[in-house]
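Trainee: Here you go, final.cif (mmCIF, C-alpha atoms):
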```
data_entry
#
loop_
_atom_site.label_atom_id
_atom_site.label_comp_id
_atom_site.auth_asym_id
_atom_site.auth_seq_id
_atom_site.Cartn_x
_atom_site.Cartn_y
_atom_site.Cartn_z
CA MET B 740 -6.57 -25.93 4.23
CA ASP B 741 -8.00 -23.84 1.37
CA GLY B 742 -10.21 -26.38 -0.33
CA HIS B 743 -7.60 -27.94 -2.61
CA ARG B 744 -5.82 -31.27 -2.41
CA ARG B 745 -2.08 -31.85 -2.40
CA LEU B 746 -0.63 -32.13 -5.91
CA GLU B 747 0.89 -35.56 -6.49
CA SER B 748 4.17 -35.97 -8.37
CA THR B 749 2.31 -37.57 -11.28
CA ASP B 750 -0.13 -34.66 -11.64
CA ARG B 751 0.35 -31.98 -14.26
CA PRO B 752 1.18 -28.60 -12.63
CA PRO B 753 -1.74 -26.14 -12.57
CA ALA B 754 -1.85 -23.46 -15.25
CA VAL B 755 -0.80 -20.07 -13.85
CA GLY B 756 -1.91 -16.87 -15.58
CA VAL B 757 -0.01 -13.59 -15.23
CA LEU B 758 -2.18 -10.51 -15.83
CA PHE B 759 -0.15 -7.31 -15.49
CA ASN B 760 0.85 -4.42 -17.73
CA TYR B 761 2.66 -6.08 -20.60
CA HIS B 762 6.33 -5.26 -19.94
CA SER B 763 6.07 -6.07 -16.24
CA ALA B 764 4.08 -9.23 -16.99
CA VAL B 765 6.93 -10.55 -19.14
CA VAL B 766 9.46 -9.77 -16.40
CA ILE B 767 7.26 -11.43 -13.75
CA ALA B 768 6.64 -14.51 -15.92
CA ASN B 769 10.33 -14.90 -16.76
CA THR B 770 11.29 -14.54 -13.10
CA LEU B 771 8.75 -17.12 -11.98
CA LYS B 772 9.95 -19.51 -14.68
CA LYS B 773 13.54 -19.00 -13.62
CA LEU B 774 12.78 -19.68 -9.96
CA SER B 775 10.27 -22.47 -10.60
CA PRO B 776 11.09 -24.09 -13.96
CA LYS B 777 8.16 -26.54 -13.86
CA MET B 778 5.54 -23.81 -13.43
CA ARG B 779 3.12 -23.64 -16.38
CA ILE B 780 2.78 -19.91 -17.08
CA GLU B 781 0.43 -18.12 -19.47
CA LEU B 782 0.48 -14.40 -20.19
CA VAL B 783 -3.21 -13.52 -20.33
CA SER B 784 -5.23 -10.54 -21.50
CA SER B 785 -8.26 -8.73 -20.14
CA GLY B 786 -10.79 -6.54 -21.86
CA LEU B 787 -13.72 -6.81 -24.20
CA ASP B 788 -11.87 -7.91 -27.35
CA LEU B 789 -10.49 -11.26 -26.27
CA SER B 790 -9.42 -13.64 -29.01
CA GLU B 791 -10.50 -17.27 -28.98
CA ASN B 792 -6.93 -18.14 -27.95
CA ASP B 793 -7.20 -15.72 -25.00
CA LYS B 794 -10.47 -17.34 -23.94
CA ARG B 795 -8.93 -20.82 -24.13
CA LYS B 796 -6.05 -19.66 -21.91
CA LEU B 797 -8.44 -18.20 -19.36
CA ASP B 798 -10.58 -21.33 -19.38
CA SER B 799 -7.57 -23.46 -18.47
CA LEU B 800 -6.29 -21.32 -15.60
CA GLU B 801 -6.36 -22.60 -12.02
CA ILE B 802 -4.22 -19.76 -10.62
CA LEU B 803 -4.11 -16.06 -11.55
CA PHE B 804 -1.37 -13.62 -10.53
CA THR B 805 -2.79 -10.22 -11.33
CA GLN B 806 -2.71 -6.45 -11.23
CA PRO B 807 -5.96 -5.39 -9.49
CA ASN B 808 -7.19 -2.77 -11.96
CA LEU B 809 -7.05 -5.29 -14.82
CA VAL B 810 -9.39 -7.66 -13.01
CA GLN B 811 -12.17 -5.11 -13.43
CA SER B 812 -12.24 -5.67 -17.19
CA LEU B 813 -11.85 -9.44 -16.88
CA LYS B 814 -15.11 -11.36 -16.77
CA LEU B 815 -14.79 -13.98 -14.07
CA HIS B 816 -17.14 -16.37 -15.85
CA LEU B 817 -14.27 -16.86 -18.30
CA LEU B 818 -12.29 -18.45 -15.44
CA PRO B 819 -14.44 -21.47 -14.56
CA ASN B 820 -11.51 -23.50 -13.21
CA LEU B 821 -9.87 -20.79 -11.10
CA LYS B 822 -8.89 -22.07 -7.66
CA TRP B 823 -6.81 -19.14 -6.36
CA MET B 824 -6.20 -15.47 -7.25
CA HIS B 825 -3.10 -13.61 -6.07
CA CYS B 826 -2.91 -9.82 -6.17
CA LEU B 827 0.63 -8.75 -7.05
CA ILE B 828 0.38 -5.52 -5.05
CA ALA B 829 -0.81 -4.85 -1.49
CA GLY B 830 -4.04 -2.95 -2.27
CA VAL B 831 -6.95 -5.22 -3.16
CA ASP B 832 -9.93 -2.83 -3.18
CA LEU B 833 -10.50 -3.09 -6.95
CA ILE B 834 -10.42 -6.89 -6.80
CA VAL B 835 -12.84 -6.93 -3.86
CA GLU B 836 -15.18 -4.57 -5.74
CA THR B 837 -15.11 -6.86 -8.79
CA LEU B 838 -15.69 -10.04 -6.79
CA LYS B 839 -18.63 -8.52 -4.95
CA SER B 840 -20.20 -7.21 -8.15
CA GLU B 841 -19.90 -10.65 -9.77
CA LYS B 842 -20.98 -12.49 -6.61
CA SER B 843 -17.80 -14.59 -6.50
CA ILE B 844 -16.94 -13.92 -2.88
CA SER B 845 -16.47 -17.48 -1.66
CA SER B 846 -15.61 -19.37 -4.85
CA PHE B 847 -11.80 -19.18 -4.46
CA PRO B 848 -9.26 -17.66 -2.05
CA VAL B 849 -7.64 -14.32 -2.82
CA THR B 850 -4.19 -13.46 -1.48
CA ARG B 851 -2.09 -10.32 -1.76
CA ASN B 852 1.53 -9.26 -2.00
CA ALA B 853 1.77 -8.06 1.58
CA SER B 854 5.20 -7.07 2.94
CA TYR B 855 7.03 -6.46 -0.36
CA PHE B 856 6.41 -2.70 -0.38
CA ASP B 857 6.72 -2.23 3.40
CA LEU B 858 10.31 -0.97 3.54
CA GLN B 859 9.94 1.22 0.44
CA MET B 860 6.94 2.96 1.97
CA ALA B 861 8.65 3.33 5.34
CA GLU B 862 11.62 4.96 3.59
CA TYR B 863 9.24 7.33 1.81
CA VAL B 864 7.72 8.43 5.14
CA ILE B 865 11.08 8.86 6.88
CA GLY B 866 12.41 10.70 3.82
CA ILE B 867 9.52 13.18 4.03
CA ILE B 868 10.12 13.70 7.76
CA LEU B 869 13.88 14.19 7.37
CA SER B 870 13.51 16.59 4.44
CA ARG B 871 11.06 18.73 6.40
CA GLU B 872 12.91 18.72 9.71
CA ARG B 873 16.23 19.59 8.03
CA ARG B 874 14.51 22.06 5.65
CA ILE B 875 15.93 20.62 2.46
CA ALA B 876 13.54 22.69 0.31
CA ASP B 877 14.98 25.87 1.89
CA VAL B 878 18.49 24.62 1.22
CA HIS B 879 17.64 24.27 -2.47
CA GLU B 880 16.03 27.70 -2.54
CA ASN B 881 19.13 29.29 -1.00
CA GLN B 882 21.34 27.50 -3.50
CA ARG B 883 19.17 28.77 -6.36
CA ASN B 884 19.58 32.32 -5.03
CA GLN B 885 23.30 31.85 -4.25
CA ILE B 886 22.76 32.49 -0.54
CA TRP B 887 25.22 31.16 2.04
CA ASP B 888 23.36 31.31 5.35
CA GLN B 889 24.30 28.87 8.09
CA GLU B 890 22.40 30.56 10.92
CA VAL B 891 18.93 29.79 9.59
CA PHE B 892 19.73 26.06 9.56
CA ARG B 893 21.49 25.81 12.91
CA LYS B 894 18.28 25.32 14.83
CA PHE B 895 16.29 22.26 13.91
CA ARG B 896 14.16 19.71 15.67
CA PRO B 897 15.95 16.38 16.24
CA LEU B 898 13.90 13.33 15.39
CA THR B 899 14.05 12.20 19.00
CA ASP B 900 11.83 15.19 19.83
CA ILE B 901 9.00 14.32 17.46
CA SER B 902 6.21 11.74 17.39
CA ILE B 903 4.41 9.94 14.61
CA GLY B 904 0.86 8.62 14.64
CA ILE B 905 0.22 5.63 12.39
CA CYS B 906 -3.35 4.89 11.28
CA GLY B 907 -3.49 1.48 9.66
CA PHE B 908 -1.21 -0.85 11.58
CA GLY B 909 -0.78 -3.75 9.18
CA SER B 910 2.57 -4.87 7.78
CA ILE B 911 3.33 -1.44 6.27
CA GLY B 912 2.45 0.38 9.49
CA LYS B 913 4.59 -2.00 11.52
CA GLU B 914 7.57 -1.41 9.22
CA ILE B 915 7.14 2.36 9.46
CA ALA B 916 7.12 2.01 13.25
CA ARG B 917 10.28 -0.12 13.17
CA VAL B 918 12.20 2.33 10.97
CA ALA B 919 10.92 5.37 12.87
CA LYS B 920 12.01 3.86 16.16
CA THR B 921 15.58 3.45 14.87
CA PHE B 922 15.67 7.26 14.68
CA GLY B 923 14.26 7.60 18.18
CA ILE B 924 10.88 8.88 17.00
CA LYS B 925 8.00 8.32 19.41
CA VAL B 926 5.41 6.03 17.80
CA TYR B 927 1.65 5.94 18.34
CA ALA B 928 -0.35 3.21 16.60
CA LEU B 929 -4.11 3.30 16.00
CA VAL B 930 -5.62 -0.20 16.20
CA ARG B 931 -9.12 -1.67 16.20
CA ASN B 932 -8.35 -3.93 19.16
CA LEU B 933 -5.77 -3.04 21.78
CA PRO B 934 -3.10 -5.78 22.01
CA THR B 935 -2.33 -7.67 25.16
CA GLU B 936 1.00 -6.96 26.85
CA ALA B 937 2.45 -10.08 25.23
CA GLU B 938 1.27 -8.94 21.77
CA GLN B 939 2.70 -5.44 21.98
CA SER B 940 5.60 -4.43 19.75
CA PRO B 941 8.76 -2.83 21.17
CA THR B 942 8.61 -0.32 18.28
CA VAL B 943 5.32 1.18 19.52
CA ASP B 944 5.30 3.57 22.46
CA GLU B 945 1.53 3.76 22.82
CA TYR B 946 -1.38 1.95 21.20
CA LYS B 947 -4.59 3.90 20.71
CA SER B 948 -8.05 2.51 20.11
CA ILE B 949 -10.42 4.05 17.55
CA GLY B 950 -12.10 5.87 20.43
CA GLU B 951 -8.74 7.46 21.26
CA LEU B 952 -8.14 8.83 17.76
CA GLY B 953 -8.31 12.38 19.12
CA ASP B 954 -5.48 11.66 21.57
CA LEU B 955 -3.31 10.32 18.75
CA LEU B 956 -4.01 13.29 16.47
CA SER B 957 -3.32 15.88 19.16
CA SER B 958 -0.08 14.16 20.20
CA SER B 959 1.56 13.60 16.81
CA GLU B 960 3.81 15.91 14.83
CA TYR B 961 3.29 13.58 11.85
CA LEU B 962 0.19 11.58 11.00
CA VAL B 963 0.64 8.72 8.52
CA SER B 964 -2.50 7.22 7.04
CA ILE B 965 -2.20 3.71 5.56
CA LEU B 966 -5.89 2.87 5.76
CA PRO B 967 -7.20 0.45 3.10
CA CYS B 968 -10.13 1.35 0.87
CA THR B 969 -13.19 -0.15 2.56
CA PRO B 970 -16.69 1.13 3.33
CA SER B 971 -15.61 1.73 6.94
CA THR B 972 -12.71 4.01 5.90
CA ASN B 973 -14.69 6.20 3.49
CA GLY B 974 -14.31 9.78 4.73
CA PHE B 975 -12.46 8.62 7.84
CA TYR B 976 -10.83 12.06 8.33
CA ASP B 977 -13.68 14.17 6.95
CA GLY B 978 -15.76 16.67 8.90
CA ASP B 979 -13.85 18.20 11.82
CA VAL B 980 -11.68 15.17 12.60
CA LEU B 981 -8.43 16.88 11.59
CA SER B 982 -9.20 19.83 13.87
CA MET B 983 -7.74 17.64 16.62
CA CYS B 984 -4.34 18.10 14.94
CA ARG B 985 -4.45 21.81 15.71
CA ARG B 986 -2.26 21.66 18.84
CA LYS B 987 0.86 20.43 17.04
CA LYS B 988 0.00 21.58 13.48
CA THR B 989 0.46 17.97 12.44
CA VAL B 990 1.85 17.12 9.01
CA PHE B 991 -0.64 14.74 7.35
CA ILE B 992 0.89 12.04 5.12
CA ASN B 993 -1.49 9.80 3.15
CA ILE B 994 0.03 6.70 1.55
CA GLY B 995 -3.00 4.43 2.07
CA ARG B 996 -6.00 5.17 -0.13
CA GLY B 997 -7.59 8.41 -1.25
CA ASN B 998 -11.10 7.52 -0.09
CA ALA B 999 -10.14 8.21 3.54
CA VAL B 1000 -10.15 11.98 3.12
CA SER B 1001 -11.73 14.38 0.63
CA GLU B 1002 -9.89 17.16 -1.18
CA SER B 1003 -12.13 19.74 0.46
CA THR B 1004 -11.29 18.36 3.92
CA VAL B 1005 -7.54 18.63 3.28
CA ILE B 1006 -7.87 22.19 1.99
CA ARG B 1007 -10.11 23.21 4.88
CA ALA B 1008 -7.71 21.68 7.43
CA LEU B 1009 -4.84 23.66 5.91
CA ASN B 1010 -6.74 26.92 5.60
CA GLU B 1011 -8.08 26.65 9.16
CA GLY B 1012 -4.59 25.96 10.50
CA TRP B 1013 -5.50 22.50 11.79
CA ILE B 1014 -2.60 20.81 10.00
CA GLY B 1015 0.76 22.23 9.05
CA HIS B 1016 1.13 20.51 5.69
CA ALA B 1017 -0.31 17.65 3.66
CA VAL B 1018 1.84 15.15 1.78
CA LEU B 1019 -0.46 13.17 -0.51
CA ASP B 1020 0.61 10.13 -2.49
CA VAL B 1021 -2.89 8.71 -3.07
CA PHE B 1022 -6.13 10.27 -4.27
CA ASP B 1023 -9.75 9.32 -4.69
CA LYS B 1024 -9.36 9.83 -8.44
CA GLU B 1025 -6.06 8.93 -10.09
CA PRO B 1026 -4.36 10.45 -11.96
CA LEU B 1027 -5.24 13.57 -9.99
CA PRO B 1028 -7.25 15.80 -12.38
CA ALA B 1029 -5.50 18.95 -13.60
CA GLU B 1030 -8.33 21.10 -12.23
CA SER B 1031 -7.86 19.84 -8.67
CA PRO B 1032 -7.12 22.73 -6.28
CA LEU B 1033 -4.59 20.51 -4.49
CA TRP B 1034 -2.04 21.09 -7.26
CA SER B 1035 -1.65 24.77 -6.51
CA HIS B 1036 -2.17 24.87 -2.75
CA PRO B 1037 1.07 25.98 -1.03
CA GLY B 1038 0.43 23.63 1.89
CA VAL B 1039 0.28 20.48 -0.23
CA THR B 1040 3.02 18.22 -1.55
CA ILE B 1041 1.84 15.82 -4.25
CA THR B 1042 3.56 12.61 -5.29
CA PRO B 1043 1.98 10.41 -8.02
CA HIS B 1044 1.31 7.20 -6.03
CA ILE B 1045 4.99 6.28 -5.89
CA SER B 1046 5.61 5.61 -2.19
CA GLY B 1047 6.01 1.93 -3.06
CA THR B 1048 6.67 1.18 -6.73
CA HIS B 1049 10.17 -0.20 -7.27
CA MET B 1050 10.08 -3.80 -8.51
CA ILE B 1051 13.04 -6.10 -7.86
CA PRO B 1052 11.71 -9.17 -9.69
CA GLU B 1053 13.09 -11.94 -7.45
CA ARG B 1054 11.77 -10.20 -4.31
CA PHE B 1055 8.54 -9.06 -5.95
CA VAL B 1056 7.38 -12.61 -6.72
CA LYS B 1057 8.49 -14.13 -3.39
CA VAL B 1058 5.05 -14.19 -1.74
CA ALA B 1059 3.43 -15.49 -4.94
CA LEU B 1060 6.04 -18.25 -5.26
CA ASP B 1061 5.85 -19.20 -1.58
CA ASN B 1062 2.07 -19.48 -1.87
CA TYR B 1063 2.34 -21.40 -5.14
CA ASN B 1064 4.45 -24.05 -3.42
CA ARG B 1065 1.97 -24.13 -0.54
CA PHE B 1066 -0.84 -24.57 -3.06
CA LEU B 1067 0.96 -27.53 -4.63
CA ARG B 1068 1.38 -29.12 -1.19
CA GLY B 1069 -2.26 -28.52 -0.27
CA GLU B 1070 -1.30 -26.18 2.58
CA SER B 1071 -3.02 -23.02 3.78
CA LEU B 1072 -2.10 -19.91 1.80
CA LEU B 1073 -0.51 -16.82 3.36
CA ASN B 1074 -1.90 -13.27 3.26
CA ILE B 1075 -5.48 -14.31 2.53
CA VAL B 1076 -7.85 -11.41 1.89
CA ASP B 1077 -11.13 -11.25 3.78
CA VAL B 1078 -13.30 -10.11 0.88
CA ASN B 1079 -16.15 -9.17 3.21
CA LYS B 1080 -13.88 -6.81 5.16
CA GLY B 1081 -12.10 -5.59 2.03
CA TYR B 1082 -8.52 -6.28 3.10
#
```
Starting from the file, give its structure as structure tokens.
Mentor:
Amino acid sequence: MDGHRRLESTDRPPAVGVLFNYHSAVVIANTLKKLSPKMRIELVSSGLDLSENDKRKLDSLEILFTQPNLVQSLKLHLLPNLKWMHCLIAGVDLIVETLKSEKSISSFPVTRNASYFDLQMAEYVIGIILSRERRIADVHENQRNQIWDQEVFRKFRPLTDISIGICGFGSIGKEIARVAKTFGIKVYALVRNLPTEAEQSPTVDEYKSIGELGDLLSSSEYLVSILPCTPSTNGFYDGDVLSMCRRKKTVFINIGRGNAVSESTVIRALNEGWIGHAVLDVFDKEPLPAESPLWSHPGVTITPHISGTHMIPERFVKVALDNYNRFLRGESLLNIVDVNKGY
């Protein structure tokens, strides 16, 4: 149980606040209302210039469905009745930072929208791999120059001949492994604790402990980082760590958080020939500043944090709605965040 009692049929439903960028908030609220007509929903605001009406709304809330960056400008003392906060995306680092700074760690449970973006992000990774192995960029270049050359594309590496190392083996990592395995790609998974034989997944060829990171890096043609932003992942790949990718000139794909590797480390790894390419979807500072040397480096592909962004409303709110019904029944919530660990 999560410290709340079962809601009786005579009780008034708890007030649910939706705090998201405005257009999406309206879509989310309308979808929730459509799927759960009795839900009491309030669109709420954050920031310094809250009206008295905004403050009254916040004061009444027992549940908050939110976008993490907006929580930073929302003073938690304005939510005295909050019993549960749900992050509408998978990454919770900004919420954790806010809770720790306001010393609200144990006052209410925090959950996150785990699993919704899993397939989107797996498709992004496989799309990158396919486009590189089949040299789609060269195809476009030849088309631009009106060159018909079959020979250069006859030899390519089938996906069954490559391996992928996954660092961060939560729900997203597991989905990447599942999709990769359908193409016959060999999968290595980096985990904190090695699973028992009964716990092992058929989509993973080899599990590696943190102490075996070097083995994973030296064995993988592609390295996918999905590490969350926590104190323990700050600079995870910095220093000479990526030098262990030298043997296979690994392609480094970061779709986790930008704190895990510095810009200077990526550029050094490329210039030293440790990695063959870097595909970066996340950065320590976003948007990526115009003066960043990553923009112009020939060994870098930049995407603007879009590996998992598409919102299909009914699917997007599924975890929130499932947990809402659990909350009403007084049951344990799913996807609870350990604020002390940061994920």
Trainee: Kindly give the distance, in Å, that separates atom CA of B:Ile868 and atom CA of B:Phe991, rounded to a single decimal.
Mentor: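 Going from atom CA of B:Ile868 over to atom CA of B:Phe991, I get 10.8 Å.
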Trainee: Quick one: distance from atom CA of B:Tyr1063 to atom CA of B:His1049 in Å, one decimal?
Mentor: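 Result for atom CA of B:Tyr1063 versus atom CA of B:His1049: 22.7 Å, one decimal.
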Trainee: Set the distance at 12 Å and use all atoms listed in the file: which residues neighbour stretch 958-962 of chain B once local chain neighbours fewer than 3 positions away are removed? I'd like the list as a ChimeraX atom specification.
Mentor: /B:864-865,867-869,871-872,896,898-907,912,915,919,924-929,945,947,951-955,965-966,976,981,983-995,1013-1019
Trainee: Run the PyMOL selection byres ((chain B and resi 1002) around 10) against the file shown and list the residues it catches, as an MDAnalysis selection string.
Mentor: chainID B and resid 977 997:998 1000:1001 1003:1008 1022:1023 1031:1033
Trainee: Please provide as a list in words all residues within 10 Å of stretch 889-893 of chain B, with the sequence filter that same-chain residues fewer than 3 positions apart are discarded (counting all atoms listed in the file).
Mentor: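 In the requested form, the answer reads Arg873, Arg874, Ile875, Asp877, Val878, Ile886 and Arg896 of chain B.
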Trainee: Starting from the PyMOL selection byres ((chain B and resi 1044) around 8), expand the selection into actual residues of this file and give them as a PyMOL selection string.
Mentor: chain B and resi 994+1020-1021+1042-1043+1045-1047
Trainee: Where does the PyMOL selection byres ((chain B and resi 756) around 9) land in this file, that is, which residues does it pick, as a ChimeraX atom specification?
Mentor: /B:754-755,757-758,768,779-783,796-797,800-805
Trainee: What is the atom CA of B:Pro967-atom CA of B:His825 distance in Å, reported with one decimal?
Mentor: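 Spanning atom CA of B:Pro967 to atom CA of B:His825 is a straight-line distance of 17.3 Å.
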Trainee: How close does each residue of stretch 955-1008 of chain B get to stretch 1068-1079 of chain B, giving the shortest atom pair and distance in Å to one decimal for every residue with an atom at most 12 Å away, counting only C-alpha atoms, sorted by chain and residue number, as a Markdown table?
Mentor:
```
| residue | atom | partner | partner_atom | distance |
| --- | --- | --- | --- | --- |
| B:Pro967 | CA | B:Val1076 | CA | 11.9 |
| B:Cys968 | CA | B:Val1078 | CA | 11.9 |
| B:Thr969 | CA | B:Asn1079 | CA | 9.5 |
| B:Pro970 | CA | B:Asn1079 | CA | 10.3 |
| B:Ser971 | CA | B:Asn1079 | CA | 11.5 |
```
Trainee: Taking all atoms listed in the file into account, name the residue in B:Ile1051, B:Asn884, B:Lys1024, B:Glu836 that is nearest to B:Lys1080.
Mentor: B:Glu836
Trainee: Any idea what's packed within 12 Å of B:Val766, counting all atoms listed in the file, ignoring anything in its chain fewer than 2 positions away? Could you give it as number ranges by chain?
Mentor: B: 757-764, 768-773, 782, 1050-1053, 1055-1056
Trainee: Ranking B:Ser799, B:Val1058, B:Leu813, B:Asn808 by minimum distance to B:Ser785 and counting only C-alpha atoms, which one comes first?
Mentor: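 Among the listed residues, the smallest separation from B:Ser785 belongs to B:Leu813.
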Trainee: Here is a test: counting only C-alpha atoms, which residue of B:Gly950, B:Glu914, B:Glu841, B:Leu1060 is nearest to B:Val930?
Mentor: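 Among the listed residues, the smallest separation from B:Val930 belongs to B:Gly950.
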Trainee: Smallest atom-to-atom distance to B:Leu827: which of B:Ser948, B:Arg1054, B:Asp788, B:Val1039, using all atoms listed in the file?
Mentor: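 Result for the nearest residue to B:Leu827: B:Arg1054.
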Trainee: Add whatever atoms are absent from stretch 988-1012 of chain B to reach N, CA and C atoms, and provide the output as a short mmCIF file (atom, residue, chain, number, x, y, z; two decimals), in the frame of the given file.
Mentor:
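Now in out-v7.cif:
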```
data_model
loop_
_atom_site.label_atom_id
_atom_site.label_comp_id
_atom_site.auth_asym_id
_atom_site.auth_seq_id
_atom_site.Cartn_x
_atom_site.Cartn_y
_atom_site.Cartn_z
N LYS B 988 -0.06 21.28 14.91
CA LYS B 988 0.00 21.58 13.48
C LYS B 988 0.59 20.38 12.72
N THR B 989 -0.02 19.25 12.96
CA THR B 989 0.46 17.97 12.44
C THR B 989 0.63 17.99 10.92
N VAL B 990 1.67 17.34 10.45
CA VAL B 990 1.85 17.12 9.01
C VAL B 990 1.14 15.81 8.67
N PHE B 991 0.19 15.89 7.75
CA PHE B 991 -0.64 14.74 7.35
C PHE B 991 -0.03 14.08 6.12
N ILE B 992 0.31 12.80 6.23
CA ILE B 992 0.89 12.04 5.12
C ILE B 992 -0.07 10.90 4.78
N ASN B 993 -0.57 10.87 3.56
CA ASN B 993 -1.49 9.80 3.15
C ASN B 993 -0.84 8.92 2.10
N ILE B 994 -0.53 7.67 2.49
CA ILE B 994 0.03 6.70 1.55
C ILE B 994 -0.86 5.45 1.49
N GLY B 995 -2.08 5.56 2.05
CA GLY B 995 -3.00 4.43 2.07
C GLY B 995 -3.88 4.44 0.83
N ARG B 996 -5.07 5.02 0.98
CA ARG B 996 -6.00 5.17 -0.13
C ARG B 996 -6.68 6.52 -0.02
N GLY B 997 -7.05 7.06 -1.19
CA GLY B 997 -7.59 8.41 -1.25
C GLY B 997 -9.01 8.55 -0.73
N ASN B 998 -9.72 7.43 -0.56
CA ASN B 998 -11.10 7.52 -0.09
C ASN B 998 -11.21 7.98 1.36
N ALA B 999 -10.10 7.91 2.11
CA ALA B 999 -10.14 8.21 3.54
C ALA B 999 -10.34 9.69 3.84
N VAL B 1000 -10.03 10.54 2.88
CA VAL B 1000 -10.15 11.98 3.12
C VAL B 1000 -10.45 12.69 1.80
N SER B 1001 -11.36 13.65 1.85
CA SER B 1001 -11.73 14.38 0.63
C SER B 1001 -10.77 15.54 0.39
N GLU B 1002 -10.72 15.99 -0.84
CA GLU B 1002 -9.89 17.16 -1.18
C GLU B 1002 -10.33 18.36 -0.36
N SER B 1003 -11.62 18.56 -0.25
CA SER B 1003 -12.13 19.74 0.46
C SER B 1003 -11.75 19.70 1.94
N THR B 1004 -11.70 18.48 2.52
CA THR B 1004 -11.29 18.36 3.92
C THR B 1004 -9.83 18.75 4.10
N VAL B 1005 -8.97 18.29 3.20
CA VAL B 1005 -7.54 18.63 3.28
C VAL B 1005 -7.35 20.14 3.17
N ILE B 1006 -8.02 20.75 2.21
CA ILE B 1006 -7.87 22.19 1.99
C ILE B 1006 -8.42 22.98 3.18
N ARG B 1007 -9.55 22.54 3.71
CA ARG B 1007 -10.11 23.21 4.88
C ARG B 1007 -9.16 23.09 6.07
N ALA B 1008 -8.62 21.90 6.29
CA ALA B 1008 -7.71 21.68 7.43
C ALA B 1008 -6.48 22.56 7.33
N LEU B 1009 -5.99 22.78 6.12
CA LEU B 1009 -4.84 23.66 5.91
C LEU B 1009 -5.23 25.13 6.13
N ASN B 1010 -6.32 25.52 5.52
CA ASN B 1010 -6.74 26.92 5.60
C ASN B 1010 -7.15 27.33 7.02
N GLU B 1011 -7.69 26.37 7.78
CA GLU B 1011 -8.08 26.65 9.16
C GLU B 1011 -6.90 26.55 10.13
N GLY B 1012 -5.76 26.09 9.63
CA GLY B 1012 -4.59 25.96 10.50
C GLY B 1012 -4.63 24.72 11.37
#
```
